[in-house]
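A.B. asks: Here you go, one structure.
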Amino acid sequence: MVAQTEKVMIITGASSGIGKALACKALSAGYRVAMAARNAVAMEGFTRQWDFPADRYLVVQTDVSVRDDCRRMTEAAIGRFGRLDVLVNNAGVSMRAVFAETDPAVLERLMQVNFWGTVYCTHYALPYLLASKGSVVGVSSVAGYKGLPARTGYSASKFAMHGFLEALRIENLKKDLHVLIACPGFTASNIRRTALAKDGAQQGESPRDEDKMMTAEEVAHHILKAVKKRKHRLLLTRQGQLTVLLNKFFPALVDKLVYNHMAREADSPFK
């Protein structure tokens with residue numbers, strides 16, 4: 001059990017990228033943290049290199065696409081720490097393939113992880129978050145505002161996440177539940193290297209220059225700050241902000257701009 005002044009955070013997809021960076025920054029900020037991901041070995045590996053006391057964090061092997069895993073994850077966190085203040089739905093998978101050539105099973109997989117994983121984790125965490133007047137965070141993407149070509153399943157899952165979280169916020173408007181939709185933009189993380197190709201295989205190397213992207217540590221910093229300020233939305237990078245703004249007034253123009261931008265990727269299917 002933890003003191004009433006200490007807050008507890010669950011982070012899914014915590015074995016790499018934004019999730020890993022967020023776990024480290026949250027511990028530094030005084031949180032107790034339950035880290036959840038399929039790759040428990042990776043989490044146990046990097047936590048052994050940390051200087052944080054072992055009683056401040058918990059590693060839970062979790063596949064968010066499996067409902068019982070999400071229940072066990074929440075129960076493990078409550079059993080260890082006795083309360084819950086923040087749930088960060090960060091686990092996700094991407095894709096890169098045109099829809100006409102894509103096995104529908106790829107889209108089913110993306111929806112299961114990105115959307116249903118958020119639903120399952122939030123369902124089991126919600127009673128504890130309502131008790132603490134805590135926060136639900138969905139780590140989303142500009143793809144949840146504007147459909148991206150060759151990312152049909154990814155965009156669909158993020159649009160669905162947005163609708164779910166917005167409705168959840170409104171349902172609990174008078175219960176002081178904080179709901180944040182965080183859209184980092186292109187981030188130097190593992191998600192593109194594990195993105196699915198048209199047949200469901202991992203695509204491997206990222207087609208983007210990661211040196212020009214926001215780091216996972218920078219994204220984690222902004223998410224923690226937004227949670228503290230109880231913001232409703234976090235839209236990072238000027239490119240992402242401009243895309244969302246222009247799309248409100250000039251959607252046809254943004255269609256062309258997005259197409260041209262994606263066509264410039266290495267090995268783009270639109271060339």
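Chain identifiers are assigned as A, B, and so on, following the order in which chains appear in the structure tokens; residues are numbered from 1 within each chain, and ligands are numbered from 1 in order of appearance.
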Please provide as a compact mmCIF listing (two decimals) with N, CA and C atoms, in the first residue's frame all residues within 12 Å of A:Gly30, with the sequence filter that same-chain residues fewer than 4 positions apart are discarded (counting only C-alpha atoms).
C.D. replies:
# COMPACT_ATOMS: atom_id res chain seq x y z
N VAL A 2 0.36 2.34 -0.55
CA VAL A 2 1.14 3.57 -0.63
C VAL A 2 0.45 4.66 0.16
N ALA A 3 1.19 5.70 0.49
CA ALA A 3 0.64 6.83 1.21
C ALA A 3 -0.37 7.56 0.34
N THR A 5 -0.62 10.55 -0.30
CA THR A 5 -0.02 11.61 -1.10
C THR A 5 0.71 11.08 -2.33
N GLU A 6 0.96 9.77 -2.36
CA GLU A 6 1.66 9.18 -3.50
C GLU A 6 0.64 8.70 -4.54
N LYS A 7 0.96 8.96 -5.80
CA LYS A 7 0.05 8.56 -6.87
C LYS A 7 0.59 7.33 -7.59
N VAL A 8 -0.35 6.59 -8.17
CA VAL A 8 -0.03 5.33 -8.84
C VAL A 8 -0.46 5.42 -10.30
N MET A 9 0.42 4.95 -11.18
CA MET A 9 0.16 5.00 -12.62
C MET A 9 0.36 3.62 -13.24
N ALA A 23 7.49 5.64 -18.01
CA ALA A 23 7.67 4.95 -16.73
C ALA A 23 8.84 5.55 -15.95
N CYS A 24 9.93 5.80 -16.62
CA CYS A 24 11.12 6.36 -15.99
C CYS A 24 10.84 7.77 -15.46
N LYS A 25 10.19 8.60 -16.27
CA LYS A 25 9.90 9.97 -15.86
C LYS A 25 8.86 10.02 -14.75
N ALA A 26 7.88 9.13 -14.80
CA ALA A 26 6.87 9.09 -13.74
C ALA A 26 7.50 8.68 -12.41
N PHE A 52 15.89 3.30 -9.07
CA PHE A 52 14.67 3.42 -8.28
C PHE A 52 14.48 2.20 -7.37
N PRO A 53 14.01 2.39 -6.15
CA PRO A 53 13.72 1.25 -5.27
C PRO A 53 12.72 0.31 -5.92
N ARG A 56 8.85 0.54 -5.75
CA ARG A 56 8.14 1.66 -6.38
C ARG A 56 7.57 1.29 -7.75
N TYR A 57 7.93 0.13 -8.26
CA TYR A 57 7.41 -0.25 -9.57
C TYR A 57 7.06 -1.73 -9.61
N LEU A 224 3.23 13.82 -19.11
CA LEU A 224 3.18 14.01 -17.66
C LEU A 224 2.70 15.42 -17.30
A.B. asks: Taking the DSSP secondary structure from the backbone, can you list the residues of stretch 153-249 of chain A that are strand (DSSP E or B), as number ranges by chain?
C.D. replies: A: 178-183, 187-188, 196, 202, 214-215, 233-235
A.B. asks: Restricting the output to C-alpha atoms, write the selected residues as a compact mmCIF listing (two decimals), in the first residue's frame.
C.D. replies:
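Okay, this is what ended up in result.txt:
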# COMPACT_ATOMS: atom_id res chain seq x y z
CA HIS A 178 -9.89 13.47 -16.26
CA VAL A 179 -9.56 12.13 -19.82
CA LEU A 180 -6.58 13.11 -21.99
CA ILE A 181 -6.14 12.30 -25.68
CA ALA A 182 -2.43 12.71 -26.41
CA CYS A 183 -1.20 12.83 -30.02
CA THR A 187 8.15 9.89 -32.64
CA ALA A 188 11.44 8.01 -32.59
CA LEU A 196 2.43 -4.63 -39.88
CA GLN A 202 6.38 -6.89 -39.31
CA MET A 214 10.64 14.04 -31.34
CA THR A 215 12.22 11.65 -28.86
CA ARG A 233 -5.99 17.27 -25.56
CA LEU A 234 -2.30 17.24 -26.28
CA LEU A 235 -1.28 17.70 -29.89
A.B. asks: Which residues, written as a short mmCIF file (atom, residue, chain, number, x, y, z; two decimals) with N, CA and C atoms, in the first residue's frame, have at least one atom at most 10 Å from A:Leu126, with only C-alpha atoms counted and residues fewer than 4 positions away on the same chain left out?
C.D. replies:
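As written to disk, selection_8.cif reads:
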data_model
loop_
_atom_site.label_atom_id
_atom_site.label_comp_id
_atom_site.auth_asym_id
_atom_site.auth_seq_id
_atom_site.Cartn_x
_atom_site.Cartn_y
_atom_site.Cartn_z
N THR A 74 -4.73 -4.87 -13.86
CA THR A 74 -5.31 -3.92 -12.91
C THR A 74 -5.31 -4.48 -11.50
N LEU A 84 -5.20 3.60 -7.61
CA LEU A 84 -4.82 3.92 -8.97
C LEU A 84 -5.23 5.35 -9.29
N ASP A 85 -4.31 6.12 -9.84
CA ASP A 85 -4.58 7.52 -10.15
C ASP A 85 -4.51 7.84 -11.64
N VAL A 86 -3.69 7.10 -12.39
CA VAL A 86 -3.52 7.38 -13.81
C VAL A 86 -3.40 6.06 -14.58
N LEU A 87 -4.19 5.93 -15.62
CA LEU A 87 -4.04 4.83 -16.56
C LEU A 87 -3.60 5.42 -17.89
N CYS A 121 -8.67 -2.14 -20.80
CA CYS A 121 -7.89 -1.60 -19.68
C CYS A 121 -8.68 -0.54 -18.93
N THR A 122 -9.36 0.32 -19.67
CA THR A 122 -10.14 1.38 -19.04
C THR A 122 -11.32 0.81 -18.25
N LEU A 130 -12.25 6.53 -10.74
CA LEU A 130 -13.35 7.36 -10.25
C LEU A 130 -13.19 7.63 -8.76
N ALA A 131 -12.72 6.64 -8.03
CA ALA A 131 -12.52 6.81 -6.58
C ALA A 131 -11.44 7.83 -6.29
N SER A 132 -10.42 7.88 -7.13
CA SER A 132 -9.30 8.81 -6.90
C SER A 132 -9.44 10.12 -7.68
N LYS A 133 -10.54 10.23 -8.46
CA LYS A 133 -10.73 11.37 -9.38
C LYS A 133 -9.49 11.50 -10.27
N GLY A 134 -9.12 10.36 -10.83
CA GLY A 134 -7.87 10.24 -11.57
C GLY A 134 -7.99 10.52 -13.06
N SER A 135 -7.03 9.99 -13.81
CA SER A 135 -6.88 10.31 -15.22
C SER A 135 -6.84 9.06 -16.09
N VAL A 136 -7.55 9.11 -17.22
CA VAL A 136 -7.41 8.13 -18.28
C VAL A 136 -6.71 8.82 -19.44
N LEU A 177 -13.63 12.86 -13.48
CA LEU A 177 -12.68 11.98 -14.18
C LEU A 177 -11.98 12.79 -15.25
#
A.B. asks: Name the residues in contact with A:Ala100 at a cut-off of 12 Å, using only C-alpha atoms, excluding same-chain residues fewer than 6 positions from it; report them as a list in words.
C.D. replies: Pro149, Ala150, Arg151, Thr152, Lys198, Asp199 and Pro269 of chain A
A.B. asks: For the residues selected in the previous step, produce a file with N, CA and C atoms as a PDB file, in the first residue's frame.
C.D. replies:
ATOM      1  N   PRO A 149      -3.140   7.687 -45.616  1.00  0.00           N
ATOM      2  CA  PRO A 149      -3.051   6.627 -46.621  1.00  0.00           C
ATOM      3  C   PRO A 149      -2.015   5.594 -46.239  1.00  0.00           C
ATOM      4  N   ALA A 150      -2.324   4.351 -46.537  1.00  0.00           N
ATOM      5  CA  ALA A 150      -1.500   3.189 -46.183  1.00  0.00           C
ATOM      6  C   ALA A 150      -1.516   2.907 -44.693  1.00  0.00           C
ATOM      7  N   ARG A 151      -2.379   3.615 -43.968  1.00  0.00           N
ATOM      8  CA  ARG A 151      -2.564   3.377 -42.530  1.00  0.00           C
ATOM      9  C   ARG A 151      -4.052   3.280 -42.211  1.00  0.00           C
ATOM     10  N   THR A 152      -4.817   2.639 -43.079  1.00  0.00           N
ATOM     11  CA  THR A 152      -6.269   2.600 -42.902  1.00  0.00           C
ATOM     12  C   THR A 152      -6.659   2.007 -41.552  1.00  0.00           C
ATOM     13  N   LYS A 198       1.172  -5.759 -45.368  1.00  0.00           N
ATOM     14  CA  LYS A 198      -0.135  -6.169 -45.882  1.00  0.00           C
ATOM     15  C   LYS A 198      -0.518  -7.601 -45.525  1.00  0.00           C
ATOM     16  N   ASP A 199       0.501  -8.441 -45.255  1.00  0.00           N
ATOM     17  CA  ASP A 199       0.219  -9.830 -44.905  1.00  0.00           C
ATOM     18  C   ASP A 199       0.269 -10.081 -43.403  1.00  0.00           C
ATOM     19  N   PRO A 269       4.124   3.150 -51.300  1.00  0.00           N
ATOM     20  CA  PRO A 269       3.286   2.442 -52.281  1.00  0.00           C
ATOM     21  C   PRO A 269       2.611   3.370 -53.264  1.00  0.00           C
TER      22      PRO A 269
END
A.B. asks: Pick out the residues sitting within 10 Å of A:Glu218, and hand them over as a ChimeraX atom specification; count only C-alpha atoms, and ignore anything fewer than 6 positions along from it in its own chain.
C.D. replies: /A:18,21-22,184,187
A.B. asks: For a test of reading the model, state the distance in Å between atom CA of A:Ser140 and atom CA of A:Gly163, rounded to one decimal.
C.D. replies: 11.6 Å
A.B. asks: For stretch 12-15 of chain A, find every residue with an atom within 9 Å (counting only C-alpha atoms), except residues of its own chain fewer than 4 positions away, and show them as number ranges by chain.
C.D. replies: A: 19-23, 34-44, 46, 62-64, 87-92, 121
A.B. asks: Run DSSP on the backbone and grab whatever in stretch 2-111 of chain A lands in alpha helix (DSSP H); send it over as a ChimeraX atom specification.
C.D. replies: /A:17-28,40-47,67-81,104-110
A.B. asks: Would you list the contacts of A:Tyr259 as a list in words, taking every protein, DNA or RNA residue within 9 Å and counting only C-alpha atoms, but skipping same-chain residues closer than 3 positions in sequence?
C.D. replies: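 Contacts, in chain order: Leu148, Pro149, Val254, Asp255, Lys256, Met262, Ala263, Arg264 and Phe270 of chain A.
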A.B. asks: State, in Å with one decimal place, the distance from atom CA of A:Leu173 to atom CA of A:Val227.
C.D. replies: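 Atom CA of A:Leu173 sits 16.5 Å away from atom CA of A:Val227.
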